[in-house]
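Student: Pasting model-v6.cif below, which is mmCIF, C-alpha atoms.
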```cif
data_entry
loop_
_atom_site.label_atom_id
_atom_site.label_comp_id
_atom_site.auth_asym_id
_atom_site.auth_seq_id
_atom_site.Cartn_x
_atom_site.Cartn_y
_atom_site.Cartn_z
CA MET A 1 -25.86 -14.61 34.24
CA GLN A 2 -25.33 -18.33 34.48
CA THR A 3 -28.17 -20.85 34.42
CA THR A 4 -27.70 -24.29 35.91
CA HIS A 5 -30.41 -26.92 36.08
CA LEU A 6 -30.38 -29.42 38.95
CA ASN A 7 -32.63 -32.44 39.18
CA GLY A 8 -35.43 -31.72 41.63
CA THR A 9 -39.17 -31.84 41.97
CA SER A 10 -39.86 -28.62 40.02
CA LEU A 11 -38.27 -25.54 38.51
CA VAL A 12 -37.58 -22.82 41.05
CA THR A 13 -35.58 -19.67 40.44
CA THR A 14 -32.66 -19.06 42.76
CA VAL A 15 -31.14 -15.63 43.20
CA ILE A 16 -27.50 -15.66 44.30
CA SER A 17 -26.04 -12.43 45.61
CA THR A 18 -22.97 -11.33 47.48
CA ILE A 19 -22.97 -8.95 50.38
CA GLY A 20 -19.95 -6.98 51.47
CA VAL A 21 -19.90 -7.39 55.22
CA ARG A 22 -17.53 -4.42 55.62
CA HIS A 23 -20.40 -2.17 54.56
CA GLU A 24 -22.78 -0.92 57.24
CA GLY A 25 -26.20 -2.55 57.01
CA ALA A 26 -25.04 -5.38 54.74
CA HIS A 27 -26.60 -8.10 56.88
CA GLY A 28 -29.94 -6.30 56.61
CA LEU A 29 -29.99 -7.39 52.96
CA VAL A 30 -30.29 -11.04 54.02
CA THR A 31 -34.02 -11.63 54.34
CA ASP A 32 -34.49 -15.35 53.76
CA GLY A 33 -32.90 -18.40 52.18
CA LEU A 34 -29.38 -19.64 52.70
CA TYR A 35 -26.59 -17.47 54.05
CA LEU A 36 -22.97 -18.51 53.65
CA ASP A 37 -20.07 -16.59 55.16
CA LEU A 38 -17.22 -17.45 52.81
CA ARG A 39 -14.81 -14.71 53.80
CA HIS A 40 -12.29 -17.25 55.05
CA ALA A 41 -13.11 -20.08 52.65
CA LEU A 42 -12.46 -18.45 49.28
CA ARG A 43 -9.86 -16.10 47.85
CA ASN A 44 -10.82 -12.44 48.03
CA PRO A 45 -10.54 -10.86 44.58
CA ALA A 46 -10.08 -7.41 46.13
CA ASP A 47 -6.71 -8.59 47.47
CA ASP A 48 -5.47 -8.48 43.87
CA PRO A 49 -5.15 -4.83 42.77
CA THR A 50 -6.02 -5.76 39.17
CA LEU A 51 -9.37 -7.21 40.31
CA ARG A 52 -10.28 -4.66 42.98
CA TYR A 53 -12.88 -2.85 40.87
CA ALA A 54 -14.19 -5.87 38.99
CA THR A 55 -17.35 -7.77 39.92
CA GLY A 56 -18.28 -11.41 40.27
CA LEU A 57 -19.64 -11.25 36.72
CA ASP A 58 -16.13 -10.69 35.35
CA PRO A 59 -14.47 -13.93 34.18
CA GLU A 60 -11.19 -12.99 35.88
CA VAL A 61 -12.91 -12.68 39.26
CA TYR A 62 -14.73 -15.97 38.76
CA ALA A 63 -11.47 -17.73 37.88
CA HIS A 64 -9.65 -16.14 40.83
CA VAL A 65 -12.27 -17.34 43.32
CA MET A 66 -12.82 -20.77 41.79
CA ASN A 67 -9.07 -21.45 41.80
CA THR A 68 -9.18 -21.45 45.60
CA PRO A 69 -8.33 -24.98 46.80
CA GLY A 70 -11.60 -26.69 47.69
CA ALA A 71 -13.82 -24.19 45.83
CA LEU A 72 -15.33 -26.77 43.48
CA GLU A 73 -16.23 -29.07 46.36
CA LEU A 74 -17.74 -26.14 48.27
CA ASN A 75 -19.72 -25.22 45.18
CA GLY A 76 -21.07 -28.78 44.93
CA ARG A 77 -22.10 -28.88 48.59
CA THR A 78 -23.84 -25.54 48.23
CA ALA A 79 -25.76 -26.80 45.18
CA VAL A 80 -27.03 -29.73 47.25
CA GLN A 81 -28.26 -27.33 49.95
CA LEU A 82 -29.96 -25.12 47.37
CA ARG A 83 -31.66 -28.10 45.79
CA ALA A 84 -33.01 -29.21 49.17
CA LEU A 85 -34.29 -25.68 49.79
CA ALA A 86 -35.82 -25.42 46.31
CA ASP A 87 -37.69 -28.72 46.80
CA GLU A 88 -39.54 -27.07 49.72
CA VAL A 89 -40.40 -23.80 47.95
CA PRO A 90 -43.69 -23.52 46.03
CA VAL A 91 -43.38 -23.18 42.26
CA GLY A 92 -43.18 -19.54 41.28
CA ARG A 93 -41.37 -18.46 44.44
CA LEU A 94 -37.70 -17.56 44.68
CA THR A 95 -35.01 -19.20 46.72
CA ARG A 96 -32.13 -17.00 47.77
CA LEU A 97 -28.48 -17.55 48.53
CA ALA A 98 -26.55 -14.69 50.09
CA VAL A 99 -22.79 -15.09 50.11
CA ALA A 100 -20.80 -12.93 52.52
CA CYS A 101 -17.48 -11.60 51.35
CA PRO A 102 -15.37 -8.68 52.55
CA ALA A 103 -16.35 -6.23 49.79
CA GLY A 104 -19.29 -7.69 47.86
CA VAL A 105 -20.39 -6.21 44.58
#
```
Take the structure I supplied and represent it as structure tokens, if you would.

Tutor:
Amino acid sequence: MQTTHLNGTSLVTTVISTIGVRHEGAHGLVTDGLYLDLRHALRNPADDPTLRYATGLDPEVYAHVMNTPGALELNGRTAVQLRALADEVPVGRLTRLAVACPAGV
């Protein structure tokens, strides 16, 4: 788990999850918050046979995805959107970010 603090009006917990859109019913997991379809914006770790059974918590997967050209800028823009959302959520409530990818783990 990684914790990042952004300047805002209060502390709000954000849950970030990935959904594998190839799996039936995946979009039903998106209930509220932000939804980003990044299937064509970031490298797919499953395309590398050595990463196919790893998860986003594995450092190799993180490095593979974040080495996509433009990934850091995309990450920064997403943080701005999350901060704006968090500023509107009452303290004690969760904000959610669902990220669509082909496999999702």

Student: So which residues get picked by the PyMOL selection byres ((chain A and resi 21) around 8) here, written as JSON, numbers by chain?

Tutor: {"A": [19, 20, 22, 23, 24, 26, 27, 100, 101, 102, 103, 104]}

Student: Could those selected residues go to a file with C-alpha atoms, as a compact mmCIF listing (two decimals), in the frame of the given file?

Tutor:
```txt
# COMPACT_ATOMS: atom_id res chain seq x y z
CA ILE A 19 -22.97 -8.95 50.38
CA GLY A 20 -19.95 -6.98 51.47
CA ARG A 22 -17.53 -4.42 55.62
CA HIS A 23 -20.40 -2.17 54.56
CA GLU A 24 -22.78 -0.92 57.24
CA ALA A 26 -25.04 -5.38 54.74
CA HIS A 27 -26.60 -8.10 56.88
CA ALA A 100 -20.80 -12.93 52.52
CA CYS A 101 -17.48 -11.60 51.35
CA PRO A 102 -15.37 -8.68 52.55
CA ALA A 103 -16.35 -6.23 49.79
CA GLY A 104 -19.29 -7.69 47.86
```

Student: In terms of the shortest atom-to-atom distance over only C-alpha atoms, which of A:Ile16, A:Pro45, A:Leu38, A:Thr78 is closest to Pro59 (chain A)?

Tutor: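 The closest residue to Pro59 (chain A) is A:Pro45.
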
Student: Can you spell out as a PDB file with C-alpha atoms, in the frame of the given file the set of residues that the PyMOL selection byres ((chain A and resi 57) around 12) selects in the structure I just provided?

Tutor:
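Dumped to selection27.pdb:
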```pdb
ATOM      1  CA  MET A   1     -25.860 -14.610  34.240  1.00  0.00           C
ATOM      2  CA  GLN A   2     -25.330 -18.330  34.480  1.00  0.00           C
ATOM      3  CA  ILE A  16     -27.500 -15.660  44.300  1.00  0.00           C
ATOM      4  CA  SER A  17     -26.040 -12.430  45.610  1.00  0.00           C
ATOM      5  CA  THR A  18     -22.970 -11.330  47.480  1.00  0.00           C
ATOM      6  CA  LEU A  51      -9.370  -7.210  40.310  1.00  0.00           C
ATOM      7  CA  TYR A  53     -12.880  -2.850  40.870  1.00  0.00           C
ATOM      8  CA  ALA A  54     -14.190  -5.870  38.990  1.00  0.00           C
ATOM      9  CA  THR A  55     -17.350  -7.770  39.920  1.00  0.00           C
ATOM     10  CA  GLY A  56     -18.280 -11.410  40.270  1.00  0.00           C
ATOM     11  CA  ASP A  58     -16.130 -10.690  35.350  1.00  0.00           C
ATOM     12  CA  PRO A  59     -14.470 -13.930  34.180  1.00  0.00           C
ATOM     13  CA  GLU A  60     -11.190 -12.990  35.880  1.00  0.00           C
ATOM     14  CA  VAL A  61     -12.910 -12.680  39.260  1.00  0.00           C
ATOM     15  CA  TYR A  62     -14.730 -15.970  38.760  1.00  0.00           C
ATOM     16  CA  ALA A  63     -11.470 -17.730  37.880  1.00  0.00           C
ATOM     17  CA  HIS A  64      -9.650 -16.140  40.830  1.00  0.00           C
ATOM     18  CA  VAL A  65     -12.270 -17.340  43.320  1.00  0.00           C
ATOM     19  CA  GLY A 104     -19.290  -7.690  47.860  1.00  0.00           C
ATOM     20  CA  VAL A 105     -20.390  -6.210  44.580  1.00  0.00           C
TER      21      VAL A 105
END
```

Student: Given the choices A:Leu42, A:Arg96, A:Leu34, A:Leu29, which gets closest to Met66 (chain A) if the distance is worked out from all atoms listed in the file?

Tutor: A:Leu42

Student: State, in Å with one decimal place, the distance from CA of Leu85 (chain A) to CA of Thr31 (chain A).

Tutor: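 Those two atoms sit 14.8 Å apart.
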
Student: Kindly give the distance, in Å, that separates CA of Ala79 (chain A) and CA of Thr95 (chain A), rounded to a single decimal.

Tutor: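 Computing the Euclidean distance for CA of Ala79 (chain A) and CA of Thr95 (chain A) yields 12.1 Å.
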
Student: Distance CA of Thr50 (chain A)-CA of Glu73 (chain A), one decimal place?

Tutor: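 Interatomic distance here is 26.4 Å.
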
Student: Of the candidates A:Leu97, A:Ala86, A:His40, A:Asp48, which shows the shortest atom-to-atom distance to Ala71 (chain A), using all atoms listed in the file?

Tutor: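 The shortest atom-to-atom distance to Ala71 (chain A) comes from A:His40.
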
Student: Report as a ChimeraX atom specification the residues that result from applying the PyMOL selection byres ((chain A and resi 93) around 10) to the structure here.

Tutor: /A:11-14,86,89-92,94-96

Student: Taking into account all atoms listed in the file, which residue in the set A:Ala98, A:Gly33, A:Arg43, A:Arg52 is nearest to Ala84 (chain A)?

Tutor: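 Between A:Ala98, A:Gly33, A:Arg43, A:Arg52, the residue approaching Ala84 (chain A) most closely is A:Gly33.
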
Student: Need the axis-aligned box for region 28-44 of chain A with 5 Å each side, so what are the centre and edges in Å to one decimal, as lines of an AutoDock Vina configuration file?

Tutor:
```
center_x = -22.2
center_y = -13.2
center_z = 52.2
size_x = 34.6
size_y = 23.8
size_z = 18.8
```

Student: Place N, CA, C and O atoms on region 31-51 of chain A and deliver the coordinates as a PDB file, keeping the file's coordinate frame.

Tutor:
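Okay, selection37.pdb is ready:
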```pdb
ATOM      1  N   THR A  31     -32.647 -11.555  53.841  1.00  0.00           N
ATOM      2  CA  THR A  31     -34.020 -11.630  54.340  1.00  0.00           C
ATOM      3  C   THR A  31     -34.508 -13.055  54.516  1.00  0.00           C
ATOM      4  O   THR A  31     -35.302 -13.329  55.401  1.00  0.00           O
ATOM      5  N   ASP A  32     -34.061 -13.949  53.663  1.00  0.00           N
ATOM      6  CA  ASP A  32     -34.490 -15.350  53.760  1.00  0.00           C
ATOM      7  C   ASP A  32     -33.538 -16.200  52.928  1.00  0.00           C
ATOM      8  O   ASP A  32     -32.633 -15.694  52.291  1.00  0.00           O
ATOM      9  N   GLY A  33     -33.732 -17.488  52.964  1.00  0.00           N
ATOM     10  CA  GLY A  33     -32.900 -18.400  52.180  1.00  0.00           C
ATOM     11  C   GLY A  33     -31.641 -18.801  52.912  1.00  0.00           C
ATOM     12  O   GLY A  33     -31.569 -18.757  54.134  1.00  0.00           O
ATOM     13  N   LEU A  34     -30.653 -19.204  52.143  1.00  0.00           N
ATOM     14  CA  LEU A  34     -29.380 -19.640  52.700  1.00  0.00           C
ATOM     15  C   LEU A  34     -28.417 -18.473  52.812  1.00  0.00           C
ATOM     16  O   LEU A  34     -28.399 -17.590  51.959  1.00  0.00           O
ATOM     17  N   TYR A  35     -27.620 -18.484  53.856  1.00  0.00           N
ATOM     18  CA  TYR A  35     -26.590 -17.470  54.050  1.00  0.00           C
ATOM     19  C   TYR A  35     -25.279 -18.194  54.302  1.00  0.00           C
ATOM     20  O   TYR A  35     -25.186 -19.033  55.199  1.00  0.00           O
ATOM     21  N   LEU A  36     -24.287 -17.903  53.492  1.00  0.00           N
ATOM     22  CA  LEU A  36     -22.970 -18.510  53.650  1.00  0.00           C
ATOM     23  C   LEU A  36     -21.935 -17.411  53.856  1.00  0.00           C
ATOM     24  O   LEU A  36     -21.840 -16.473  53.064  1.00  0.00           O
ATOM     25  N   ASP A  37     -21.162 -17.527  54.916  1.00  0.00           N
ATOM     26  CA  ASP A  37     -20.070 -16.590  55.160  1.00  0.00           C
ATOM     27  C   ASP A  37     -18.799 -17.251  54.636  1.00  0.00           C
ATOM     28  O   ASP A  37     -18.245 -18.148  55.268  1.00  0.00           O
ATOM     29  N   LEU A  38     -18.366 -16.819  53.474  1.00  0.00           N
ATOM     30  CA  LEU A  38     -17.220 -17.450  52.810  1.00  0.00           C
ATOM     31  C   LEU A  38     -15.978 -16.585  52.838  1.00  0.00           C
ATOM     32  O   LEU A  38     -15.036 -16.805  52.083  1.00  0.00           O
ATOM     33  N   ARG A  39     -15.952 -15.614  53.740  1.00  0.00           N
ATOM     34  CA  ARG A  39     -14.810 -14.710  53.800  1.00  0.00           C
ATOM     35  C   ARG A  39     -13.494 -15.433  54.031  1.00  0.00           C
ATOM     36  O   ARG A  39     -12.447 -14.992  53.590  1.00  0.00           O
ATOM     37  N   HIS A  40     -13.518 -16.537  54.738  1.00  0.00           N
ATOM     38  CA  HIS A  40     -12.290 -17.250  55.050  1.00  0.00           C
ATOM     39  C   HIS A  40     -12.142 -18.545  54.261  1.00  0.00           C
ATOM     40  O   HIS A  40     -11.150 -19.250  54.412  1.00  0.00           O
ATOM     41  N   ALA A  41     -13.132 -18.840  53.407  1.00  0.00           N
ATOM     42  CA  ALA A  41     -13.110 -20.080  52.650  1.00  0.00           C
ATOM     43  C   ALA A  41     -12.625 -19.893  51.214  1.00  0.00           C
ATOM     44  O   ALA A  41     -12.102 -20.831  50.620  1.00  0.00           O
ATOM     45  N   LEU A  42     -12.814 -18.699  50.675  1.00  0.00           N
ATOM     46  CA  LEU A  42     -12.460 -18.450  49.280  1.00  0.00           C
ATOM     47  C   LEU A  42     -11.524 -17.255  49.168  1.00  0.00           C
ATOM     48  O   LEU A  42     -11.534 -16.371  50.027  1.00  0.00           O
ATOM     49  N   ARG A  43     -10.762 -17.226  48.105  1.00  0.00           N
ATOM     50  CA  ARG A  43      -9.860 -16.100  47.850  1.00  0.00           C
ATOM     51  C   ARG A  43     -10.671 -14.823  47.644  1.00  0.00           C
ATOM     52  O   ARG A  43     -11.694 -14.832  46.982  1.00  0.00           O
ATOM     53  N   ASN A  44     -10.174 -13.737  48.176  1.00  0.00           N
ATOM     54  CA  ASN A  44     -10.820 -12.440  48.030  1.00  0.00           C
ATOM     55  C   ASN A  44     -10.253 -11.730  46.806  1.00  0.00           C
ATOM     56  O   ASN A  44      -9.088 -11.356  46.801  1.00  0.00           O
ATOM     57  N   PRO A  45     -11.059 -11.523  45.767  1.00  0.00           N
ATOM     58  CA  PRO A  45     -10.540 -10.860  44.580  1.00  0.00           C
ATOM     59  C   PRO A  45     -10.001  -9.462  44.855  1.00  0.00           C
ATOM     60  O   PRO A  45      -9.077  -9.013  44.179  1.00  0.00           O
ATOM     61  N   ALA A  46     -10.539  -8.769  45.834  1.00  0.00           N
ATOM     62  CA  ALA A  46     -10.080  -7.410  46.130  1.00  0.00           C
ATOM     63  C   ALA A  46      -8.651  -7.384  46.646  1.00  0.00           C
ATOM     64  O   ALA A  46      -8.019  -6.323  46.662  1.00  0.00           O
ATOM     65  N   ASP A  47      -8.110  -8.534  47.054  1.00  0.00           N
ATOM     66  CA  ASP A  47      -6.710  -8.590  47.470  1.00  0.00           C
ATOM     67  C   ASP A  47      -5.753  -8.431  46.288  1.00  0.00           C
ATOM     68  O   ASP A  47      -4.580  -8.146  46.476  1.00  0.00           O
ATOM     69  N   ASP A  48      -6.264  -8.658  45.084  1.00  0.00           N
ATOM     70  CA  ASP A  48      -5.470  -8.480  43.870  1.00  0.00           C
ATOM     71  C   ASP A  48      -5.811  -7.115  43.284  1.00  0.00           C
ATOM     72  O   ASP A  48      -6.945  -6.881  42.875  1.00  0.00           O
ATOM     73  N   PRO A  49      -4.853  -6.187  43.255  1.00  0.00           N
ATOM     74  CA  PRO A  49      -5.150  -4.830  42.770  1.00  0.00           C
ATOM     75  C   PRO A  49      -5.773  -4.783  41.382  1.00  0.00           C
ATOM     76  O   PRO A  49      -6.558  -3.900  41.086  1.00  0.00           O
ATOM     77  N   THR A  50      -5.457  -5.766  40.529  1.00  0.00           N
ATOM     78  CA  THR A  50      -6.020  -5.760  39.170  1.00  0.00           C
ATOM     79  C   THR A  50      -7.489  -6.161  39.163  1.00  0.00           C
ATOM     80  O   THR A  50      -8.181  -5.930  38.172  1.00  0.00           O
ATOM     81  N   LEU A  51      -7.974  -6.758  40.244  1.00  0.00           N
ATOM     82  CA  LEU A  51      -9.370  -7.210  40.310  1.00  0.00           C
ATOM     83  C   LEU A  51     -10.221  -6.362  41.252  1.00  0.00           C
ATOM     84  O   LEU A  51     -11.423  -6.577  41.363  1.00  0.00           O
TER      85      LEU A  51
END
```
